[in-house]
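Following: one structure in structure tokens, then a few remarks.
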Amino acid sequence: MTAADTAGLAAAQAQAPAAGAGAAEFAPAKVNLYLHLRGRRADGYHLLESLAVFPRLGDRLWAEPAQRLSLAIDGPFAAGLPADGGNLVLRAAARLAEATGVRSGAALRLEKSLPVASGIGGGSADAAGALRLLARLWGVQVPEGLALGLGADVPVCLAPRARVMSGIGERLAPAPRMPEAWILLVNPLVSVATGAVFAALERREGPPGPPPPPAGFADFAGLVDWLAAQRNDLAPAAIRCCPAIGEVLEALAPAPLARMSGSGATCFALHADRAAALAAAARLRAARPGWWVAAAPLPADPG
Ligand SMILES: C[C@](O)(CO)[C@H](O)COP(=O)(O)OP(=O)(O)OC[C@H]1O[C@@H](n2ccc(N)nc2=O)[C@H](O)[C@@H]1O
Ligand SMILES: Nc1ncnc2c1ncn2[C@@H]1O[C@H](COP(=O)(O)OP(=O)(O)OP(=O)(O)O)[C@@H](O)[C@H]1O
């Protein structure tokens, strides 16, 4: 599948009606445009500040009413993912049923299009998508705090729009007004465990500052200029765990802005428009056929 196909498919998925009875939900990837470490809590979790955005690219979930909970997985990254209680989709479903006293189940289907353990929140996006889907199907609200109990990235994925995250990920503030842009995501198809990257940190707190993001960016150049002065403080440790990340960043370097997302190994490049993103994707696919390369629009967000 070409990057253009991938982008088109993701956009189509976002709008497609539910297949058959029941309900459907799109679970977009989460990309950390910057990630600053701010220290560590007594329980070992790290405090951070990050601008998370959600390109039109992700996994897809369906649910149909059923007596018990079940999960079927398909899609390009289904292989090797547990379909039992180890899957964040079923874990989220079970916790929601328990917390709200729901006695019925659901037959869930996950189409896994995002690489696993890749720094773009795939499991968190799926867990959050399952919570949205089942809350609708069962007619319940997601209780406060339930998302965070499933993972630090699940709260931001619950209402997937651009947000400034802080705390360990549970404090969410409006993002700056974002201009339209295209994003290119590249993963060397090496999975990276988030906990291992945090454990490999040499510095648990980044340098002080810079000041918080402005209220908005007038255009793409303004976004890129501001982001260029930010960092992903997890990148040095992630590159030590997975040297291929360094190769990906080198390959993306000609882009206006390139950086690692989350704990890696996925890196992103920002492009002003579709043509530039698809041209860069085509060049990368030809040069590195073993890498996952996907391009998608980054919706302008009112903040
Ligand atoms: C790096 C980010 O992707 C940035 O958005 C997230 O902070 C990670 O979120 P996540 O994958 O949902 O992480 P969790 O599943 O909650 O945690 C996995 C492991 O990462 C470490 N961890 C995670 C988040 C955080 N703020 N501090 C941490 O130290 C902890 O060792 C934890 O045991
Ligand atoms: N539905 C799911 N999708 C992906 N991974 C899942 C899922 N359910 C359970 N997991 C497990 O969760 C772990 C983390 O996967 P995930 O894709 O969320 O990592 P990540 O992309 O690094 O996330 P983050 O950016 O939030 O750190 C993997 O080891 C995987 O086996």
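Labels for the structure tokens follow display order: chains A, B, ..., residues from 1 in each chain, ligands from 1.
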Identify, counting only C-alpha atoms and all ligand atoms, the protein, DNA and RNA residues located within 6 Å of ligand 2, and give them as JSON, numbers by chain.
-> {"A": [81, 86, 87, 88, 89, 116, 117, 118, 119, 120, 121, 122, 123, 124, 126, 153, 194, 262, 263]}
What's the 10 Å shell around stretch 132-147 of chain A, counting only C-alpha atoms, without same-chain residues fewer than 2 positions away, as a count of residues only?
-> 43
So which residues touch stretch 281-284 of chain A within 12 Å, counting only C-alpha atoms, skipping near sequence neighbours fewer than 2 positions away, as a PDB file with C-alpha atoms, in the first residue's frame?
```pdb
ATOM      1  CA  MET A   1       0.000   0.000   0.000  1.00  0.00           C
ATOM      2  CA  THR A   2       1.397   3.439  -0.868  1.00  0.00           C
ATOM      3  CA  ALA A   3       1.477   6.348   1.544  1.00  0.00           C
ATOM      4  CA  ALA A   4      -1.261   7.991  -0.508  1.00  0.00           C
ATOM      5  CA  ASP A   5      -3.376   4.865  -0.147  1.00  0.00           C
ATOM      6  CA  THR A   6      -2.694   4.745   3.576  1.00  0.00           C
ATOM      7  CA  ALA A   7      -3.699   8.358   4.010  1.00  0.00           C
ATOM      8  CA  TRP A 182       0.703  16.983   6.823  1.00  0.00           C
ATOM      9  CA  ILE A 183       2.576  14.499   8.926  1.00  0.00           C
ATOM     10  CA  LEU A 184       4.800  11.653   7.823  1.00  0.00           C
ATOM     11  CA  LEU A 185       5.209   8.797  10.318  1.00  0.00           C
ATOM     12  CA  VAL A 186       8.120   6.380   9.977  1.00  0.00           C
ATOM     13  CA  ASN A 187       8.865   3.328  12.105  1.00  0.00           C
ATOM     14  CA  PRO A 188      11.843   1.017  11.509  1.00  0.00           C
ATOM     15  CA  GLU A 247      18.750   6.208  11.156  1.00  0.00           C
ATOM     16  CA  VAL A 248      15.091   7.190  10.840  1.00  0.00           C
ATOM     17  CA  LEU A 249      15.805  10.706  12.132  1.00  0.00           C
ATOM     18  CA  GLU A 250      18.686  11.046   9.683  1.00  0.00           C
ATOM     19  CA  ALA A 251      16.464   9.930   6.804  1.00  0.00           C
ATOM     20  CA  LEU A 252      13.779  12.471   7.813  1.00  0.00           C
ATOM     21  CA  ALA A 253      16.241  15.342   8.343  1.00  0.00           C
ATOM     22  CA  PRO A 254      15.520  17.170   5.031  1.00  0.00           C
ATOM     23  CA  ALA A 255      11.929  17.821   6.226  1.00  0.00           C
ATOM     24  CA  PHE A 268       7.535  12.085  12.419  1.00  0.00           C
ATOM     25  CA  ALA A 269       8.228  14.802   9.907  1.00  0.00           C
ATOM     26  CA  LEU A 270       5.956  17.794   9.362  1.00  0.00           C
ATOM     27  CA  HIS A 271       5.237  18.991   5.829  1.00  0.00           C
ATOM     28  CA  ARG A 274      -0.036  16.786   0.858  1.00  0.00           C
ATOM     29  CA  ALA A 275       2.259  16.888  -2.195  1.00  0.00           C
ATOM     30  CA  ALA A 276       5.383  17.451  -0.098  1.00  0.00           C
ATOM     31  CA  ALA A 277       4.423  14.719   2.393  1.00  0.00           C
ATOM     32  CA  LEU A 278       3.619  12.149  -0.294  1.00  0.00           C
ATOM     33  CA  ALA A 279       6.830  12.913  -2.213  1.00  0.00           C
ATOM     34  CA  ALA A 286      12.068   3.390  -2.184  1.00  0.00           C
ATOM     35  CA  ALA A 287      15.148   3.845   0.033  1.00  0.00           C
ATOM     36  CA  ARG A 288      13.951   1.767   3.035  1.00  0.00           C
ATOM     37  CA  PRO A 289      11.380  -0.831   1.943  1.00  0.00           C
ATOM     38  CA  GLY A 290      11.532  -2.521   5.378  1.00  0.00           C
ATOM     39  CA  TRP A 291      10.222   0.541   7.227  1.00  0.00           C
ATOM     40  CA  TRP A 292       6.593   1.465   7.961  1.00  0.00           C
ATOM     41  CA  VAL A 293       5.871   4.782   6.252  1.00  0.00           C
ATOM     42  CA  ALA A 294       2.498   6.535   6.452  1.00  0.00           C
ATOM     43  CA  ALA A 295       1.388  10.057   5.575  1.00  0.00           C
ATOM     44  CA  ALA A 296      -1.772  11.772   6.788  1.00  0.00           C
TER      45      ALA A 296
END
```
As JSON, numbers by chain, list the residues of stretch 128-159 of chain A assigned to alpha helix (DSSP H) by DSSP on the backbone atoms of this structure.
-> {"A": [128, 129, 130, 131, 132, 133, 134, 135, 136, 137, 138, 146, 147, 148, 149, 150, 154, 155, 156, 157, 158]}
Please dump the current selection as a JSON list (two decimals), in the first residue's frame; keep N, CA and C atoms.
```
[["chain", "number", "residue", "atom", "x", "y", "z"],
["A", 128, "ALA", "N", -8.85, 3.77, 24.57],
["A", 128, "ALA", "CA", -9.73, 4.95, 24.62],
["A", 128, "ALA", "C", -10.88, 4.80, 23.63],
["A", 129, "GLY", "N", -10.57, 4.27, 22.44],
["A", 129, "GLY", "CA", -11.62, 4.05, 21.44],
["A", 129, "GLY", "C", -12.66, 3.07, 21.96],
["A", 130, "ALA", "N", -12.21, 2.01, 22.62],
["A", 130, "ALA", "CA", -13.13, 1.02, 23.18],
["A", 130, "ALA", "C", -14.01, 1.66, 24.26],
["A", 131, "LEU", "N", -13.44, 2.54, 25.07],
["A", 131, "LEU", "CA", -14.25, 3.22, 26.10],
["A", 131, "LEU", "C", -15.33, 4.09, 25.46],
["A", 132, "ARG", "N", -14.96, 4.85, 24.39],
["A", 132, "ARG", "CA", -15.97, 5.70, 23.71],
["A", 132, "ARG", "C", -17.08, 4.84, 23.10],
["A", 133, "LEU", "N", -16.63, 3.75, 22.44],
["A", 133, "LEU", "CA", -17.56, 2.87, 21.73],
["A", 133, "LEU", "C", -18.55, 2.20, 22.70],
["A", 134, "LEU", "N", -18.01, 1.65, 23.78],
["A", 134, "LEU", "CA", -18.86, 0.89, 24.70],
["A", 134, "LEU", "C", -19.70, 1.81, 25.57],
["A", 135, "ALA", "N", -19.20, 3.00, 25.86],
["A", 135, "ALA", "CA", -20.02, 3.96, 26.61],
["A", 135, "ALA", "C", -21.28, 4.26, 25.79],
["A", 136, "ARG", "N", -21.10, 4.39, 24.46],
["A", 136, "ARG", "CA", -22.26, 4.63, 23.59],
["A", 136, "ARG", "C", -23.18, 3.41, 23.54],
["A", 137, "LEU", "N", -22.56, 2.25, 23.31],
["A", 137, "LEU", "CA", -23.36, 1.02, 23.16],
["A", 137, "LEU", "C", -24.14, 0.70, 24.42],
["A", 138, "TRP", "N", -23.51, 0.91, 25.57],
["A", 138, "TRP", "CA", -24.12, 0.54, 26.85],
["A", 138, "TRP", "C", -24.90, 1.68, 27.49],
["A", 146, "LEU", "N", -10.86, 6.48, 35.24],
["A", 146, "LEU", "CA", -10.76, 5.11, 34.70],
["A", 146, "LEU", "C", -9.71, 5.04, 33.57],
["A", 147, "ALA", "N", -9.70, 6.07, 32.72],
["A", 147, "ALA", "CA", -8.77, 6.07, 31.58],
["A", 147, "ALA", "C", -7.32, 6.03, 32.07],
["A", 148, "LEU", "N", -7.00, 6.86, 33.05],
["A", 148, "LEU", "CA", -5.61, 6.92, 33.54],
["A", 148, "LEU", "C", -5.17, 5.58, 34.11],
["A", 149, "GLY", "N", -6.09, 4.85, 34.72],
["A", 149, "GLY", "CA", -5.76, 3.54, 35.28],
["A", 149, "GLY", "C", -5.34, 2.53, 34.21],
["A", 150, "LEU", "N", -5.66, 2.84, 32.95],
["A", 150, "LEU", "CA", -5.28, 1.92, 31.86],
["A", 150, "LEU", "C", -3.95, 2.29, 31.24],
["A", 154, "VAL", "N", -3.82, 7.15, 27.95],
["A", 154, "VAL", "CA", -5.23, 6.90, 27.64],
["A", 154, "VAL", "C", -6.10, 8.16, 27.83],
["A", 155, "PRO", "N", -5.86, 8.99, 28.90],
["A", 155, "PRO", "CA", -6.70, 10.19, 29.04],
["A", 155, "PRO", "C", -6.68, 11.09, 27.80],
["A", 156, "VAL", "N", -5.50, 11.35, 27.25],
["A", 156, "VAL", "CA", -5.45, 12.26, 26.09],
["A", 156, "VAL", "C", -6.10, 11.63, 24.87],
["A", 157, "CYS", "N", -6.04, 10.29, 24.79],
["A", 157, "CYS", "CA", -6.65, 9.60, 23.64],
["A", 157, "CYS", "C", -8.17, 9.52, 23.75],
["A", 158, "LEU", "N", -8.71, 9.79, 24.95],
["A", 158, "LEU", "CA", -10.16, 9.63, 25.15],
["A", 158, "LEU", "C", -10.97, 10.63, 24.31]]
```
Residue nearest A:Ile245 - candidates A:Leu48, A:Val197, A:Val190, A:Ala175, atoms counted: only C-alpha atoms = A:Val190
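Shortest separation to ligand 1 among A:Pro28, A:Gly195, A:Pro55, A:Gly222 occurs at residue A:Gly195, atoms counted being only C-alpha atoms and all ligand atoms.
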